[in-house]
$ cat entry.csv   # CSV, C-alpha atoms and all ligand atoms
chain,number,residue,atom,x,y,z
A,627,MET,CA,-16.5,5.2,-8.0
A,628,GLU,CA,-18.7,8.1,-9.0
A,629,VAL,CA,-20.2,11.0,-7.1
A,630,ILE,CA,-23.6,9.4,-6.8
A,631,GLN,CA,-22.1,6.3,-5.2
A,632,VAL,CA,-20.3,8.2,-2.5
A,633,GLN,CA,-23.6,9.9,-1.7
A,634,GLU,CA,-25.3,6.6,-1.7
A,635,TRP,CA,-22.5,5.1,0.5
A,636,LEU,CA,-22.8,7.8,3.1
A,637,SER,CA,-26.6,7.8,3.1
A,638,ARG,CA,-26.8,4.0,3.5
A,639,THR,CA,-24.3,4.1,6.3
A,640,ASN,CA,-26.5,6.7,7.9
A,641,GLU,CA,-29.5,4.3,7.7
A,642,ASP,CA,-27.5,1.6,9.5
A,643,LEU,CA,-26.3,4.1,12.1
A,644,GLN,CA,-29.8,5.3,12.8
A,645,GLU,CA,-31.0,1.7,13.1
A,646,GLN,CA,-28.1,0.6,15.2
A,647,LYS,CA,-27.9,3.7,17.3
A,648,ASP,CA,-28.9,1.9,20.5
A,649,TYR,CA,-26.7,-1.0,19.8
A,650,LEU,CA,-23.6,1.2,19.3
A,651,THR,CA,-24.5,3.1,22.4
A,652,SER,CA,-24.8,0.0,24.5
A,653,LEU,CA,-21.4,-1.1,23.3
A,654,ASP,CA,-19.9,2.2,24.3
A,655,ARG,CA,-21.7,2.0,27.7
A,656,ALA,CA,-19.8,-1.2,28.4
A,657,ILE,CA,-16.3,0.2,27.9
A,658,GLY,CA,-16.8,4.0,27.3
A,659,ASP,CA,-19.2,6.7,28.1
A,660,GLY,CA,-22.2,5.4,26.1
A,661,ASP,CA,-22.4,8.1,23.5
A,662,HIS,CA,-21.0,6.5,20.3
A,663,GLY,CA,-24.4,5.6,18.8
A,664,ILE,CA,-25.8,9.0,19.6
A,665,ASN,CA,-22.7,10.8,18.2
A,666,MET,CA,-22.7,8.8,15.0
A,667,ALA,CA,-26.4,8.9,14.4
A,668,ARG,CA,-26.5,12.7,15.0
A,669,GLY,CA,-23.5,13.4,12.8
A,670,PHE,CA,-24.4,11.2,9.8
A,671,LYS,CA,-27.9,12.4,9.8
A,672,GLU,CA,-26.4,15.9,9.2
A,673,VAL,CA,-24.1,14.5,6.6
A,674,THR,CA,-26.9,13.0,4.6
A,675,LYS,CA,-28.9,16.2,5.0
A,676,SER,CA,-26.1,18.4,3.8
A,677,LEU,CA,-25.4,16.2,0.7
A,678,GLU,CA,-29.0,15.7,-0.4
A,679,GLY,CA,-29.9,17.2,-3.7
A,680,LYS,CA,-26.5,18.9,-4.1
A,681,ASP,CA,-24.4,18.7,-7.2
A,682,PHE,CA,-20.8,17.8,-6.9
A,683,THR,CA,-18.3,17.7,-9.7
A,684,GLU,CA,-16.1,15.1,-8.3
A,685,VAL,CA,-15.8,12.4,-5.6
A,686,SER,CA,-13.3,14.4,-3.7
A,687,ASP,CA,-15.8,17.2,-3.2
A,688,VAL,CA,-18.4,15.0,-1.7
A,689,LEU,CA,-15.9,13.5,0.8
A,690,LYS,CA,-14.7,17.0,1.7
A,691,ALA,CA,-18.2,18.2,2.5
A,692,ALA,CA,-18.9,15.1,4.5
A,693,ALA,CA,-15.6,15.5,6.4
A,694,THR,CA,-16.5,19.0,7.4
A,695,THR,CA,-19.9,18.0,8.7
A,696,VAL,CA,-18.5,15.0,10.6
A,697,MET,CA,-15.8,17.1,12.3
A,698,SER,CA,-18.3,19.6,13.6
A,699,LYS,CA,-21.4,17.4,14.2
A,700,VAL,CA,-20.3,14.0,15.4
A,701,GLY,CA,-18.4,14.9,18.5
A,702,GLY,CA,-16.5,12.6,20.9
A,703,ALA,CA,-13.3,11.0,19.6
A,704,SER,CA,-15.0,9.6,16.6
A,705,GLY,CA,-15.8,13.0,15.2
A,706,PRO,CA,-12.2,14.1,14.7
A,707,LEU,CA,-11.2,10.6,13.8
A,708,TYR,CA,-13.8,10.0,11.1
A,709,GLY,CA,-13.6,13.6,10.0
A,710,THR,CA,-9.8,13.3,9.5
A,711,ALA,CA,-10.3,10.0,7.7
A,712,LEU,CA,-12.8,11.4,5.2
A,713,LEU,CA,-10.7,14.6,4.7
A,714,LYS,CA,-7.6,12.5,3.9
A,715,MET,CA,-9.7,10.3,1.6
A,716,SER,CA,-10.9,13.4,-0.2
A,717,MET,CA,-7.4,14.7,-0.6
A,718,ALA,CA,-6.2,11.4,-2.0
A,719,CYS,CA,-8.6,11.5,-4.9
A,720,LYS,CA,-8.6,15.2,-5.7
A,721,GLY,CA,-8.9,15.8,-9.4
A,722,LYS,CA,-8.9,12.0,-10.1
A,723,GLN,CA,-11.3,9.4,-11.5
A,724,VAL,CA,-11.7,6.9,-8.7
A,725,ASP,CA,-10.6,3.5,-10.0
A,726,TYR,CA,-9.8,0.6,-7.8
A,727,LYS,CA,-6.1,1.7,-7.3
A,728,THR,CA,-7.2,5.2,-6.3
A,729,LEU,CA,-9.8,3.7,-3.9
A,730,ILE,CA,-7.0,1.7,-2.2
A,731,GLU,CA,-4.9,4.9,-1.9
A,732,MET,CA,-7.9,6.7,-0.4
A,733,VAL,CA,-8.5,4.0,2.3
A,734,GLU,CA,-4.8,4.0,3.0
A,735,ALA,CA,-4.8,7.8,3.4
A,736,GLY,CA,-7.9,7.6,5.6
A,737,LEU,CA,-6.3,5.0,7.9
A,738,GLU,CA,-3.1,7.1,8.1
A,739,GLY,CA,-5.2,10.0,9.1
A,740,ILE,CA,-6.9,8.0,11.9
A,741,LYS,CA,-3.6,6.7,13.2
A,742,GLN,CA,-2.1,10.1,13.2
A,743,ARG,CA,-5.0,11.8,14.9
A,744,GLY,CA,-5.5,9.1,17.5
A,745,LYS,CA,-1.8,8.2,17.8
A,746,ALA,CA,-3.0,4.6,17.6
A,747,GLU,CA,-1.6,1.5,16.1
A,748,THR,CA,-3.1,-1.9,15.4
A,749,GLY,CA,-4.0,-4.1,18.4
A,750,GLU,CA,-5.2,-1.2,20.6
A,751,LYS,CA,-8.9,-2.1,20.3
A,752,THR,CA,-10.0,0.8,18.1
A,753,MET,CA,-11.4,1.4,14.6
A,754,VAL,CA,-7.8,1.1,13.4
A,755,ASP,CA,-8.3,-2.7,13.9
A,756,VAL,CA,-11.0,-2.7,11.2
A,757,TRP,CA,-9.4,-0.2,8.7
A,758,THR,CA,-6.0,-2.0,8.7
A,759,PRO,CA,-7.2,-5.5,7.7
A,760,VAL,CA,-9.7,-4.0,5.2
A,761,LEU,CA,-6.9,-2.1,3.5
A,762,SER,CA,-4.7,-5.3,3.4
A,763,GLY,CA,-7.6,-7.2,2.1
A,764,MET,CA,-8.1,-4.7,-0.7
A,765,LYS,CA,-4.4,-4.7,-1.6
A,766,GLU,CA,-4.4,-8.5,-2.1
A,767,VAL,CA,-6.7,-8.4,-5.1
A,768,ASP,CA,-6.8,-6.3,-8.2
A,769,HIS,CA,-10.5,-5.4,-8.4
A,770,PHE,CA,-13.2,-4.5,-6.0
A,771,ASP,CA,-14.6,-7.6,-4.2
A,772,GLY,CA,-17.5,-6.5,-2.0
A,773,GLU,CA,-18.1,-9.9,-0.4
A,774,ARG,CA,-14.5,-10.0,0.6
A,775,ILE,CA,-14.4,-6.5,2.1
A,776,LYS,CA,-17.6,-7.1,4.0
A,777,HIS,CA,-16.3,-10.4,5.4
A,778,VAL,CA,-12.9,-9.0,6.4
A,779,ALA,CA,-14.5,-6.0,8.1
A,780,GLU,CA,-16.9,-8.2,10.0
A,781,GLU,CA,-14.2,-10.6,11.2
A,782,ALA,CA,-12.0,-7.7,12.1
A,783,LYS,CA,-14.6,-6.0,14.3
A,784,ASP,CA,-15.4,-9.4,16.0
A,785,ASN,CA,-11.7,-9.7,16.7
A,786,THR,CA,-11.7,-6.5,18.8
A,787,GLU,CA,-13.7,-8.4,21.5
A,788,SER,CA,-10.8,-10.2,23.0
A,789,MET,CA,-8.4,-7.2,22.8
A,790,GLN,CA,-7.4,-5.0,25.7
A,791,ALA,CA,-7.8,-1.3,24.9
A,792,THR,CA,-4.8,0.9,25.2
A,793,LYS,CA,-6.3,3.9,23.4
A,794,GLY,CA,-9.4,5.9,23.9
A,795,ARG,CA,-11.6,5.9,27.0
A,796,ALA,CA,-11.8,2.2,27.2
A,797,ALA,CA,-8.0,2.1,28.0
A,798,TYR,CA,-8.8,3.3,31.5
A,799,LEU,CA,-10.5,0.0,32.1
A,800,LYS,CA,-7.3,-2.0,31.4
A,801,GLU,CA,-8.1,-5.8,31.7
A,802,ARG,CA,-11.8,-5.1,32.0
A,803,SER,CA,-12.0,-3.7,28.5
A,804,LYS,CA,-11.6,-7.3,27.3
A,805,GLY,CA,-14.8,-9.3,26.3
A,806,HIS,CA,-16.6,-6.4,24.6
A,807,LEU,CA,-16.6,-5.3,21.0
A,808,ASP,CA,-15.1,-1.9,20.3
A,809,PRO,CA,-17.9,0.5,19.4
A,810,GLY,CA,-15.7,2.4,16.8
A,811,ALA,CA,-14.7,-0.9,15.2
A,812,VAL,CA,-18.4,-1.7,14.8
A,813,SER,CA,-19.3,1.6,13.2
A,814,SER,CA,-16.3,1.2,10.9
A,815,TYR,CA,-17.7,-2.2,9.9
A,816,PHE,CA,-21.0,-0.4,8.9
A,817,LEU,CA,-19.0,2.0,6.8
A,818,PHE,CA,-17.2,-0.8,4.9
A,819,LYS,CA,-20.2,-3.0,4.7
A,820,ASN,CA,-22.1,-0.3,2.9
A,821,LEU,CA,-19.1,0.7,0.7
A,822,ALA,CA,-19.1,-3.0,-0.4
A,823,LEU,CA,-22.9,-2.9,-1.1
A,824,VAL,CA,-22.8,0.3,-3.1
A,825,MET,CA,-19.8,-0.8,-5.2
A,826,GLU,CA,-21.2,-4.2,-5.9
A,827,GLU,CA,-24.3,-2.6,-7.3
A,828,ALA,CA,-22.3,-0.4,-9.6
B,1401,MET,CA,-1.4,44.1,25.7
B,1402,SER,CA,-0.6,40.6,27.0
B,1403,SER,CA,1.6,38.6,24.8
B,1404,THR,CA,0.0,35.2,25.4
B,1405,ALA,CA,-3.6,34.1,25.5
B,1406,ILE,CA,-5.0,31.0,27.1
B,1407,VAL,CA,-7.7,28.7,25.7
B,1408,VAL,CA,-9.0,26.0,28.0
B,1409,VAL,CA,-10.6,23.0,26.3
B,1410,SER,CA,-12.5,20.6,28.6
B,1411,HIS,CA,-15.2,17.9,28.2
B,1412,SER,CA,-17.2,19.8,30.7
B,1413,GLU,CA,-18.5,23.3,30.0
B,1414,LYS,CA,-18.5,23.9,33.8
B,1415,VAL,CA,-14.9,22.9,34.2
B,1416,ALA,CA,-13.7,25.1,31.3
B,1417,GLU,CA,-15.8,28.1,32.6
B,1418,GLY,CA,-14.6,27.4,36.1
B,1419,ILE,CA,-11.0,27.5,35.1
B,1420,LYS,CA,-11.5,30.6,33.1
B,1421,GLU,CA,-13.1,32.3,36.1
B,1422,LEU,CA,-10.4,31.3,38.4
B,1423,LEU,CA,-7.6,32.6,36.0
B,1424,GLN,CA,-9.4,35.8,35.4
B,1425,GLN,CA,-9.7,36.5,39.1
B,1426,VAL,CA,-6.0,36.3,39.4
B,1427,VAL,CA,-4.8,37.8,36.1
B,1428,GLY,CA,-7.7,39.9,34.8
B,1429,ASP,CA,-5.9,41.3,31.8
B,1430,VAL,CA,-4.8,38.1,30.2
B,1431,PRO,CA,-7.1,37.0,27.4
B,1432,VAL,CA,-8.6,33.6,28.5
B,1433,GLU,CA,-11.3,31.7,26.6
B,1434,ALA,CA,-13.2,28.6,27.6
B,1435,ALA,CA,-14.2,25.9,25.1
B,1436,GLY,CA,-16.0,23.3,27.1
B,1437,GLY,CA,-18.7,20.8,26.4
B,1438,SER,CA,-20.2,19.4,23.2
B,1439,GLU,CA,-22.0,21.1,20.4
B,1440,ILE,CA,-25.2,21.0,22.4
B,1441,GLY,CA,-23.6,21.8,25.8
B,1442,GLY,CA,-23.4,18.2,27.0
B,1443,ILE,CA,-20.3,16.4,28.1
B,1444,GLY,CA,-17.8,16.3,25.2
B,1445,THR,CA,-15.8,18.7,23.2
B,1446,SER,CA,-16.7,20.6,20.1
B,1447,PHE,CA,-14.5,21.5,17.2
B,1448,GLU,CA,-16.6,24.6,16.5
B,1449,ARG,CA,-16.5,25.8,20.1
B,1450,ILE,CA,-12.7,25.5,20.1
B,1451,GLN,CA,-12.5,27.3,16.8
B,1452,ASN,CA,-14.6,30.1,18.1
B,1453,ALA,CA,-12.5,30.4,21.3
B,1454,LEU,CA,-9.3,30.5,19.2
B,1455,GLU,CA,-10.7,33.2,16.9
B,1456,LYS,CA,-11.9,35.3,19.9
B,1457,VAL,CA,-8.4,35.6,21.3
B,1458,ARG,CA,-6.7,35.9,18.0
B,1459,GLY,CA,-5.5,39.4,17.5
B,1460,THR,CA,-5.5,40.2,21.2
B,1461,CYS,CA,-2.1,38.5,21.6
B,1462,ASP,CA,1.1,37.3,19.9
B,1463,GLY,CA,0.5,33.7,20.8
B,1464,THR,CA,-2.1,31.3,22.2
B,1465,LEU,CA,-1.5,28.4,24.5
B,1466,VAL,CA,-4.2,25.7,24.5
B,1467,PHE,CA,-4.8,23.4,27.5
B,1468,TYR,CA,-7.0,20.3,27.3
B,1469,ASP,CA,-8.3,17.5,29.5
B,1470,LEU,CA,-9.1,14.1,27.9
B,1471,GLY,CA,-8.1,12.4,24.7
B,1472,SER,CA,-10.8,13.6,22.3
B,1473,ALA,CA,-10.3,17.1,23.5
B,1474,ARG,CA,-6.8,16.9,22.2
B,1475,MET,CA,-8.0,15.6,18.8
B,1476,ASN,CA,-10.6,18.3,18.4
B,1477,ALA,CA,-8.2,21.0,19.5
B,1478,GLU,CA,-5.5,19.7,17.1
B,1479,MET,CA,-8.0,19.8,14.3
B,1480,ALA,CA,-9.2,23.3,15.1
B,1481,ILE,CA,-5.6,24.5,15.2
B,1482,GLU,CA,-4.7,22.9,11.9
B,1483,MET,CA,-7.7,24.6,10.3
B,1484,LEU,CA,-6.5,28.0,11.4
B,1485,ASP,CA,-3.1,27.2,10.2
B,1486,SER,CA,-1.3,29.4,12.6
B,1487,GLU,CA,2.1,28.9,14.1
B,1488,SER,CA,1.4,31.1,17.0
B,1489,ILE,CA,-1.1,28.6,18.5
B,1490,GLN,CA,0.4,25.8,20.6
B,1491,LEU,CA,-1.4,22.9,22.1
B,1492,VAL,CA,0.3,21.7,25.3
B,1493,THR,CA,-0.1,18.6,27.5
B,1494,TYR,CA,0.0,19.8,31.1
B,1495,PRO,CA,-2.4,19.7,34.0
B,1496,ILE,CA,-5.3,21.7,32.7
B,1497,LEU,CA,-5.9,23.8,35.8
B,1498,GLU,CA,-2.4,24.1,37.3
B,1499,GLY,CA,-0.8,24.5,33.9
B,1500,ALA,CA,-3.2,27.1,32.6
B,1501,TYR,CA,-2.8,29.0,35.9
B,1502,LEU,CA,1.0,29.0,35.7
B,1503,ALA,CA,0.8,30.2,32.1
B,1504,ALA,CA,-1.7,32.9,32.9
B,1505,VAL,CA,0.5,34.3,35.7
B,1506,GLU,CA,3.6,34.3,33.5
B,1507,SER,CA,1.6,35.9,30.6
B,1508,SER,CA,0.5,38.6,32.9
B,1509,ILE,CA,4.1,39.6,33.6
B,1510,ASP,CA,4.7,39.7,29.9
B,1511,LYS,CA,6.8,36.5,29.5
B,1512,PRO,CA,6.9,35.4,25.8
B,1513,MET,CA,5.2,32.1,24.9
B,1514,ASP,CA,8.4,30.1,24.5
B,1515,GLU,CA,9.5,31.1,28.0
B,1516,ILE,CA,6.1,30.1,29.4
B,1517,ILE,CA,6.4,26.7,27.7
B,1518,ASN,CA,9.9,26.3,29.3
B,1519,SER,CA,8.4,27.1,32.7
B,1520,LEU,CA,5.7,24.6,32.1
B,1521,LYS,CA,8.3,22.0,31.2
B,1522,LYS,CA,10.3,22.8,34.3
B,1523,GLU,CA,7.3,22.6,36.6
B,1524,PHE,CA,5.6,19.5,35.3
B,1525,ASP,CA,8.1,17.3,33.4
B,1526,SER,CA,9.9,15.5,36.1
C,1601,LIG,N1,-6.9,7.4,20.1
C,1601,LIG,C1,-7.7,6.7,19.3
C,1601,LIG,N2,-7.3,6.2,18.2
C,1601,LIG,C2,-8.2,5.5,17.3
C,1601,LIG,N3,-9.4,5.3,17.6
C,1601,LIG,C3,-9.9,5.8,18.8
C,1601,LIG,C4,-9.1,6.5,19.7
C,1601,LIG,N4,-9.9,6.9,20.8
C,1601,LIG,C5,-11.1,6.4,20.5
C,1601,LIG,N5,-11.1,5.8,19.3
C,1601,LIG,C6,-12.3,5.1,18.7
C,1601,LIG,O1,-13.4,5.9,19.0
C,1601,LIG,C7,-14.5,5.1,19.5
C,1601,LIG,C8,-15.2,5.9,20.6
C,1601,LIG,O2,-15.9,7.0,20.0
C,1601,LIG,P1,-16.9,7.9,20.8
C,1601,LIG,O3,-17.6,7.1,21.8
C,1601,LIG,O4,-17.7,8.6,19.8
C,1601,LIG,O5,-15.9,9.0,21.4
C,1601,LIG,P2,-15.5,9.2,23.0
C,1601,LIG,O6,-14.6,8.0,23.3
C,1601,LIG,O7,-14.8,10.5,23.0
C,1601,LIG,O8,-16.8,9.1,23.8
C,1601,LIG,C9,-13.7,3.9,20.1
C,1601,LIG,O9,-14.6,2.8,20.2
C,1601,LIG,C10,-12.5,3.7,19.2
C,1601,LIG,O10,-12.8,2.9,18.1
C,1602,MG,MG,-18.0,7.5,23.8
$ encode --input "entry.csv" --output "structure tokens"
Amino acid sequence: MEVIQVQEWLSRTNEDLQEQKDYLTSLDRAIGDGDHGINMARGFKEVTKSLEGKDFTEVSDVLKAAATTVMSKVGGASGPLYGTALLKMSMACKGKQVDYKTLIEMVEAGLEGIKQRGKAETGEKTMVDVWTPVLSGMKEVDHFDGERIKHVAEEAKDNTESMQATKGRAAYLKERSKGHLDPGAVSSYFLFKNLALVMEEA
Amino acid sequence: MSSTAIVVVSHSEKVAEGIKELLQQVVGDVPVEAAGGSEIGGIGTSFERIQNALEKVRGTCDGTLVFYDLGSARMNAEMAIEMLDSESIQLVTYPILEGAYLAAVESSIDKPMDEIINSLKKEFDS
């Protein structure tokens, strides 16, 4: 993975988030406060803007810059969660060429960051329920398989529908949080879908 | 100089400002800062607003106690504290109004931060 691909990854994710803003917001309206689409669209627009036309020497630097913007511009719970994830990913590849093994370490570090920040585990109907299976799926093979990652992420976000939330705002709804997709799981699916796309093209 | 400052982090700017106002009326000389609402003033919390509040009270006190309301307020506050990398800032999980009130009163009579935290424990951990 090269600098340009990280930029491409974040900018494509931004395109999806702009397009799916209302969809994400409607998901969050069902079991949260209805701002997830707005938060993500606003924050990632800023991320794309801040990365445009900039020269970065290594992948870690792009991720760090993105993390800082996400932390201050996304808001909600997803701001600190995605901000921490990107920052940990950046730290995991500092000074390194990003090969497949390093990419796995980055996703692992990102997931650890989210779990630590949110005090969440799997099965709590959050973005953790997408990151965890994606990481496992990556570890099972020895090269980047975009189709596989996209598929795993998609299935994982669909699986959050039947779960009962025990973290985040949706947890206040108890039983009634079942039957809806988790908005953060869906935005994480967009992230991994676009990571898959960009890496496949490389 | 008061030994402990208070920072109130709420999803609502009005809640944070309201608590600040209430505390200041009782203990005028304790540094209290409000960090409420999102980046654009809506409902939410803002990492930058929290950082600004922490920086404002820094230097006016030996320590800072940070109170928060809902989950993402905690996450943003934690992040802001980590960035400042200061051991004299403590995030505590107690009722945002009653907890901050108790802490402000004790700070005004010059109790050190660890004693205030003990009082909070005694009062709210049952
Ligand atoms: N404690 C947590 N741990 C992990 N993920 C969480 C946690 N709280 C919320 N989330 C994720 O964040 C998403 C909600 O983000 P957002 O709507 O932007 O923030 P907020 O809930 O503060 O309004 C949820 O769908 C969930 O995936
Ligand atoms: Mg929300």
$ residues_around --input "entry.csv" --residues "range 1426-1439 of chain B" --least-positions-apart "2" --cutoff "7 Å" --atoms "all atoms listed in the file" --output "VMD selection string"
(chain A and resid 701) or (chain B and resid 1402 1405 to 1413 1416 to 1417 1420 1422 to 1424 1441 to 1446 1449 to 1450 1453 1457 1504 to 1505 1507 to 1508)
$ residues_around --input "entry.csv" --residues "Gly805 in chain A" --least-positions-apart "3" --cutoff "9 Å" --atoms "all atoms listed in the file" --output "list of chain:residue names"
A:Thr786, A:Glu787, A:Ser788, A:Met789, A:Gln790, A:Arg802
$ residues_near_ligand --input "entry.csv" --ligand "ligand LIG 1601 (chain C)" --cutoff "7 Å" --atoms "all atoms listed in the file" --output "VMD selection string"
(chain A and resid 654 658 to 662 665 to 666 701 to 705 707 740 to 741 743 to 746 751 to 754 793 to 795 808 to 811) or (chain B and resid 1444 1471 to 1472)
$ closest_residue --input "entry.csv" --among "B:Asp1510, B:Glu1523, B:Glu1515, B:Glu1448" --to "chain A" --atoms "all atoms listed in the file"
B:Glu1448
$ closest_residue --input "entry.csv" --among "A:Val700, A:Asp725, A:Gln633, A:Glu672" --to "ligand MG 1602 (chain C)" --atoms "all atoms listed in the file"
A:Val700
$ closest_residue --input "entry.csv" --among "B:Gln1425, B:Thr1464, B:Asn1518, B:Ser1488" --to "Tyr1501 in chain B" --atoms "only C-alpha atoms"
B:Gln1425
$ closest_residue --input "entry.csv" --among "B:Asp1469, B:Glu1421, B:Glu1478, B:Glu1455" --to "chain A" --atoms "all atoms listed in the file"
B:Glu1478
